[in-house]
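Structure file query20.txt; described as compact mmCIF, C-alpha atoms.
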```
# COMPACT_ATOMS: atom_id res chain seq x y z
CA MET A 1081 5.36 24.54 -4.53
CA LEU A 1082 8.32 25.11 -6.81
CA SER A 1083 9.11 28.24 -4.77
CA ARG A 1084 9.94 25.82 -1.96
CA GLY A 1085 12.03 23.62 -4.22
CA ILE A 1086 9.35 20.92 -4.28
CA GLU A 1087 8.14 19.23 -7.44
CA LEU A 1088 4.39 18.61 -7.51
CA ALA A 1089 2.67 16.07 -9.75
CA ILE A 1090 -1.13 15.95 -9.93
CA PRO A 1091 -2.01 12.92 -12.04
CA ASP A 1092 -5.45 12.23 -13.45
CA LEU A 1093 -5.84 8.65 -12.28
CA ASN A 1094 -8.96 8.33 -14.46
CA GLU A 1095 -6.65 8.17 -17.47
CA PRO A 1096 -6.58 6.54 -19.92
CA ALA A 1097 -10.29 5.77 -19.36
CA PHE A 1098 -12.60 5.86 -16.36
CA PHE A 1099 -14.36 2.71 -17.60
CA ASP A 1100 -11.20 0.65 -17.02
CA LEU A 1101 -10.34 2.20 -13.65
CA THR A 1102 -8.97 -0.14 -10.96
CA VAL A 1103 -7.01 0.41 -7.78
CA SER A 1104 -4.20 -1.73 -9.21
CA ARG A 1105 -3.97 0.50 -12.30
CA MET A 1106 -3.85 3.63 -10.11
CA LEU A 1107 -1.08 2.06 -7.99
CA ALA A 1108 0.94 1.45 -11.15
CA GLN A 1109 0.40 5.06 -12.20
CA ILE A 1110 1.76 6.28 -8.85
CA ASP A 1111 4.73 3.91 -9.27
CA ALA A 1112 5.52 5.56 -12.60
CA ILE A 1113 5.27 9.07 -11.17
CA ALA A 1114 7.28 8.33 -8.02
CA ALA A 1115 10.01 6.71 -10.12
CA GLY A 1116 11.80 5.12 -7.17
CA GLU A 1117 11.96 8.34 -5.12
CA GLU A 1118 10.78 8.82 -1.53
CA VAL A 1119 7.66 10.99 -1.86
CA VAL A 1120 4.87 12.70 0.03
CA VAL A 1121 1.55 11.38 -1.25
CA PHE A 1122 -1.81 13.15 -1.09
CA GLY A 1123 -5.14 11.55 -1.92
CA SER A 1124 -8.81 12.39 -1.61
CA SER A 1125 -11.70 9.91 -1.41
CA LEU A 1126 -10.85 7.00 -3.76
CA GLY A 1127 -7.47 8.67 -4.26
CA GLY A 1128 -7.01 8.64 -0.48
CA PHE A 1129 -7.63 4.92 -0.30
CA THR A 1130 -5.25 4.43 -3.23
CA ALA A 1131 -2.56 6.64 -1.65
CA ALA A 1132 -2.78 4.70 1.63
CA THR A 1133 -2.63 1.40 -0.25
CA TRP A 1134 0.41 2.56 -2.23
CA ALA A 1135 2.22 3.70 0.93
CA ALA A 1136 1.35 0.48 2.79
CA THR A 1137 2.48 -1.82 0.00
CA ARG A 1138 5.69 0.05 -0.76
CA PRO A 1139 7.33 0.53 2.63
CA GLY A 1140 10.06 3.13 2.80
CA ARG A 1141 8.85 4.96 -0.33
CA THR A 1142 6.50 7.42 1.40
CA ARG A 1143 7.90 10.28 3.51
CA ALA A 1144 4.42 11.34 4.68
CA LEU A 1145 0.82 10.79 3.68
CA VAL A 1146 -2.09 13.25 3.56
CA LEU A 1147 -5.56 11.73 3.18
CA LEU A 1148 -8.74 13.75 2.64
CA ALA A 1149 -11.97 11.84 3.28
CA PRO A 1150 -10.31 8.53 2.34
CA ALA A 1151 -12.64 5.82 1.00
CA PHE A 1152 -11.51 2.96 3.23
CA ASP A 1153 -13.25 -0.44 3.12
CA LEU A 1154 -13.72 0.23 -0.58
CA GLY A 1155 -14.74 -3.16 -2.01
CA PRO A 1156 -17.12 -4.21 0.78
CA ARG A 1157 -18.74 -0.74 0.97
CA TRP A 1158 -19.42 -0.56 -2.76
CA ALA A 1159 -20.89 -4.06 -2.81
CA ALA A 1160 -23.10 -3.34 0.23
CA ARG A 1161 -24.19 0.04 -1.10
CA MET A 1162 -25.44 -1.45 -4.36
CA GLY A 1163 -27.55 -4.27 -3.03
CA PRO A 1164 -27.72 -7.82 -4.40
CA GLU A 1165 -29.81 -7.14 -7.54
CA GLU A 1166 -27.75 -4.18 -8.77
CA LEU A 1167 -24.55 -6.03 -7.95
CA ALA A 1168 -25.67 -9.11 -9.90
CA LYS A 1169 -26.61 -6.93 -12.88
CA TRP A 1170 -23.21 -5.17 -12.79
CA ARG A 1171 -21.44 -8.53 -12.63
CA SER A 1172 -23.48 -10.03 -15.50
CA THR A 1173 -23.30 -7.04 -17.87
CA GLY A 1174 -19.77 -6.09 -16.85
CA ARG A 1175 -20.69 -2.38 -16.66
CA ALA A 1176 -22.73 0.06 -14.59
CA ALA A 1177 -23.10 3.85 -14.47
CA PHE A 1178 -21.96 5.77 -11.39
CA ASP A 1179 -21.76 9.41 -10.40
CA HIS A 1180 -18.40 10.81 -11.44
CA TYR A 1181 -17.95 13.77 -9.12
CA ALA A 1182 -15.11 15.41 -11.06
CA HIS A 1183 -17.01 15.24 -14.35
CA GLY A 1184 -20.40 16.09 -12.85
CA ARG A 1185 -22.24 13.26 -14.60
CA LYS A 1186 -22.75 9.52 -14.59
CA GLU A 1187 -20.07 7.44 -16.28
CA GLU A 1188 -19.82 3.73 -16.91
CA LEU A 1189 -17.38 1.64 -14.93
CA ALA A 1190 -16.37 -1.98 -15.58
CA PHE A 1191 -17.09 -4.65 -12.96
CA ALA A 1192 -13.33 -5.25 -12.88
CA PHE A 1193 -13.17 -2.18 -10.59
CA LEU A 1194 -15.05 -3.96 -7.80
CA ALA A 1195 -13.29 -7.29 -8.37
CA ASP A 1196 -9.92 -5.53 -8.13
CA ALA A 1197 -10.93 -3.44 -5.08
CA ALA A 1198 -11.75 -6.67 -3.22
CA ARG A 1199 -8.12 -7.78 -3.65
CA HIS A 1200 -6.82 -4.83 -1.60
CA GLN A 1201 -6.87 -4.44 2.18
CA SER A 1202 -9.88 -2.49 3.46
CA PHE A 1203 -7.63 -0.57 5.86
CA PRO A 1204 -4.09 -0.45 4.44
CA LEU A 1205 -1.67 0.53 7.21
CA PRO A 1206 1.43 2.38 6.00
CA LEU A 1207 4.46 2.83 8.25
CA CYS A 1208 4.80 6.56 7.52
CA ARG A 1209 3.25 9.44 9.46
CA THR A 1210 -0.20 10.20 8.14
CA LEU A 1211 -2.61 13.14 8.37
CA VAL A 1212 -6.27 12.30 7.85
CA ILE A 1213 -8.77 15.12 7.34
CA GLN A 1214 -12.40 14.05 7.44
CA GLY A 1215 -15.68 15.94 7.27
CA THR A 1216 -18.10 15.03 10.04
CA HIS A 1217 -21.03 15.68 7.65
CA ASP A 1218 -19.61 13.53 4.85
CA ASP A 1219 -22.43 11.63 3.12
CA VAL A 1220 -20.11 9.79 0.69
CA VAL A 1221 -17.52 8.30 3.07
CA GLU A 1222 -18.63 7.66 6.64
CA PRO A 1223 -16.44 9.50 9.17
CA LEU A 1224 -16.18 6.35 11.29
CA LEU A 1225 -13.93 4.83 8.59
CA ALA A 1226 -11.30 7.55 9.11
CA ARG A 1227 -11.55 7.07 12.88
CA GLU A 1228 -11.06 3.31 12.50
CA PHE A 1229 -8.03 3.79 10.24
CA VAL A 1230 -6.41 6.19 12.72
CA ARG A 1231 -7.09 3.76 15.58
CA ARG A 1232 -5.43 0.93 13.64
CA MET A 1233 -2.39 3.09 12.81
CA GLN A 1234 -1.37 2.98 16.51
CA GLY A 1235 -0.09 6.53 16.84
CA ARG A 1236 1.29 7.01 13.31
CA ALA A 1237 -1.79 8.91 12.14
CA GLN A 1238 -3.41 12.15 13.19
CA LEU A 1239 -7.12 12.78 12.56
CA VAL A 1240 -8.58 16.24 11.99
CA GLU A 1241 -12.37 16.31 11.80
CA LEU A 1242 -14.06 19.34 10.31
CA PRO A 1243 -17.78 20.22 10.33
CA GLU A 1244 -17.98 19.81 6.55
CA GLY A 1245 -19.11 17.42 3.85
CA HIS A 1246 -17.08 15.21 1.54
CA GLU A 1247 -15.53 18.02 -0.51
CA LEU A 1248 -13.77 19.73 2.46
CA THR A 1249 -13.84 23.07 0.63
CA ALA A 1250 -15.40 25.39 3.22
CA ASP A 1251 -12.05 27.03 4.13
CA LEU A 1252 -9.27 25.99 1.76
CA PRO A 1253 -6.63 28.38 3.21
CA ALA A 1254 -7.18 26.92 6.71
CA LEU A 1255 -7.10 23.39 5.28
CA TRP A 1256 -3.77 24.09 3.59
CA ARG A 1257 -2.34 25.62 6.80
CA ARG A 1258 -3.13 22.35 8.62
CA ILE A 1259 -1.50 20.30 5.88
CA ASP A 1260 1.52 22.60 5.65
CA GLY A 1261 2.03 22.45 9.43
CA PHE A 1262 1.89 18.64 9.35
CA LEU A 1263 4.35 18.43 6.45
CA SER A 1264 6.72 20.93 8.10
CA ARG A 1265 6.83 18.74 11.21
CA GLN A 1266 7.52 15.65 9.07
CA ALA A 1267 10.42 17.35 7.32
CA ALA A 1268 12.13 17.74 10.70
CA ARG A 1269 11.74 14.02 11.55
CA PRO A 1270 14.00 11.20 10.43
CA THR A 1271 12.48 8.79 7.92
CA PRO A 1272 10.72 5.87 9.72
```
Taking this structure as input, can you express it in the form of structure tokens?
Amino acid sequence: MLSRGIELAIPDLNEPAFFDLTVSRMLAQIDAIAAGEEVVVFGSSLGGFTAATWAATRPGRTRALVLLAPAFDLGPRWAARMGPEELAKWRSTGRAAFDHYAHGRKEELAFAFLADAARHQSFPLPLCRTLVIQGTHDDVVEPLLAREFVRRMQGRAQLVELPEGHELTADLPALWRRIDGFLSRQAARPTP
């Protein structure tokens, strides 16, 4: 990216500890990285939901947004997925173990994650142009969530559906060409 004169930051939003992860903490981390600049924000899965939330709650700060399998409807989906008994146990103990896909193992997460997720809009709607790439065979984030987001964006978002799962790794060069084409078109447009 530096060959194009673009600075790229890839933060680990799990830091300082996955146990204390919240959407609000991740938003603050993006604030620190963006440092008042207008930026292009990428996010995948939970990071996609966070990127959309950041762009929606900080109008004028996001030049364009690229979301890969974004985990919209985060709080309600997690609560529904767990069921009442597991949810009550998580609330009472304050901790539960979940699959951490990047680490390839289960890791404990504080109940504060779910409580904080419930404070954020299920479908944050940024003003910037947005590209959403979603796998039609995704078993982690239902494809209908991406479709609903794009519908609500009223023409500001483009949806690309691929016959893949959640990881979207079947053809990374083709994926990047789609993203690069979208970003090239955004560079030619005036800021919304």
(request) Tell me which of A:Pro1150, A:Gly1235, A:Pro1206, A:Gly1127 sits closest to Asp1218 in chain A, counting only C-alpha atoms. (result)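 When distances to Asp1218 in chain A are compared using only C-alpha atoms, the smallest one comes from A:Pro1150.
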(message) For a test of reading the model, state the distance in Å between CA of Ala1168 in chain A and CA of Pro1204 in chain A, rounded to one decimal.
(response)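 Interatomic distance, CA of Ala1168 in chain A to CA of Pro1204 in chain A: 27.3 Å.
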(request) Quote the spacing between CA of Leu1148 in chain A and CA of Ile1213 in chain A in Å to one decimal place. (result) 4.9 Å
Edge lengths and centre, in Å to one decimal, as JSON: that's what I need for the box along x, y and z that holds all listed atoms of range 1226-1238 of chain A plus 3 Å on each side.
```
{"center_x": -5.1, "center_y": 6.5, "center_z": 13.0, "size_x": 18.8, "size_y": 17.2, "size_z": 13.7}
```
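Of note, CA of Ile1113 in chain A and CA of Thr1142 in chain A are spaced 12.7 Å apart.
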(request) In the coordinate frame of the file, compute which residues have an atom within 10 Å of (-16.5, 0.4, 4.1) when using all atoms listed in the file, and state them as a ChimeraX atom specification. (result) /A:1151-1161,1202-1203,1221-1222,1224-1225
(message) Which residue is closest to Met1233 in chain A? Choose from A:Ala1254, A:Ala1190, A:Ala1132, A:Ala1198 and count only C-alpha atoms.
(response) A:Ala1132
(request) Rank nothing, just name the residue among A:Ala1097, A:Ala1089, A:Val1119, A:Ala1192 nearest to Leu1145 in chain A, using all atoms listed in the file. (result)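 Smallest distance to Leu1145 in chain A is found for A:Val1119.
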Could I get the residues of range 1140-1240 of chain A with an atom no further than 12 Å from an atom of range 1261-1265 of chain A, each paired with its nearest atom pair and that distance in Å to one decimal, using all atoms listed in the file, sorted by chain and residue number, as CSV?
```
residue,atom,partner,partner_atom,distance
A:Arg1143,CA,A:Leu1263,CA,9.4
A:Ala1144,CA,A:Leu1263,CA,7.3
A:Leu1145,CA,A:Leu1263,CA,8.9
A:Val1146,CA,A:Leu1263,CA,8.8
A:Leu1147,CA,A:Phe1262,CA,11.9
A:Cys1208,CA,A:Leu1263,CA,11.9
A:Arg1209,CA,A:Phe1262,CA,9.3
A:Thr1210,CA,A:Phe1262,CA,8.8
A:Leu1211,CA,A:Phe1262,CA,7.2
A:Val1212,CA,A:Phe1262,CA,10.4
A:Ile1213,CA,A:Phe1262,CA,11.4
A:Ala1237,CA,A:Phe1262,CA,10.8
A:Gln1238,CA,A:Phe1262,CA,9.2
A:Leu1239,CA,A:Phe1262,CA,11.2
A:Val1240,CA,A:Phe1262,CA,11.1
```
Selection to disk with C-alpha atoms, as a short mmCIF file (atom, residue, chain, number, x, y, z; two decimals), keeping the file's coordinate frame:
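Output saved as selection_26.cif:
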```cif
data_model
loop_
_atom_site.label_atom_id
_atom_site.label_comp_id
_atom_site.auth_asym_id
_atom_site.auth_seq_id
_atom_site.Cartn_x
_atom_site.Cartn_y
_atom_site.Cartn_z
CA ARG A 1143 7.90 10.28 3.51
CA ALA A 1144 4.42 11.34 4.68
CA LEU A 1145 0.82 10.79 3.68
CA VAL A 1146 -2.09 13.25 3.56
CA LEU A 1147 -5.56 11.73 3.18
CA CYS A 1208 4.80 6.56 7.52
CA ARG A 1209 3.25 9.44 9.46
CA THR A 1210 -0.20 10.20 8.14
CA LEU A 1211 -2.61 13.14 8.37
CA VAL A 1212 -6.27 12.30 7.85
CA ILE A 1213 -8.77 15.12 7.34
CA ALA A 1237 -1.79 8.91 12.14
CA GLN A 1238 -3.41 12.15 13.19
CA LEU A 1239 -7.12 12.78 12.56
CA VAL A 1240 -8.58 16.24 11.99
#
```
(request) Please write as a count of residues only the list of polymer residues whose atoms come within 9 Å of (5.5, 7.7, -1.9), counting all atoms listed in the file and keeping to the coordinates of the file. (result) 20
(request) May I ask which of the residues A:Ala1149, A:Phe1191, A:Pro1091, A:Asp1179 is the closest one to Leu1242 in chain A, counting all atoms listed in the file? (result) A:Ala1149
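With only C-alpha atoms taken into account, the protein and nucleic acid residues at most 12 Å from His1183 in chain A (excluding it and anything under 3 positions from it in its own chain) are Asp1092, Asn1094, Phe1098, Phe1178, Asp1179, His1180, Lys1186 and Glu1187 of chain A.
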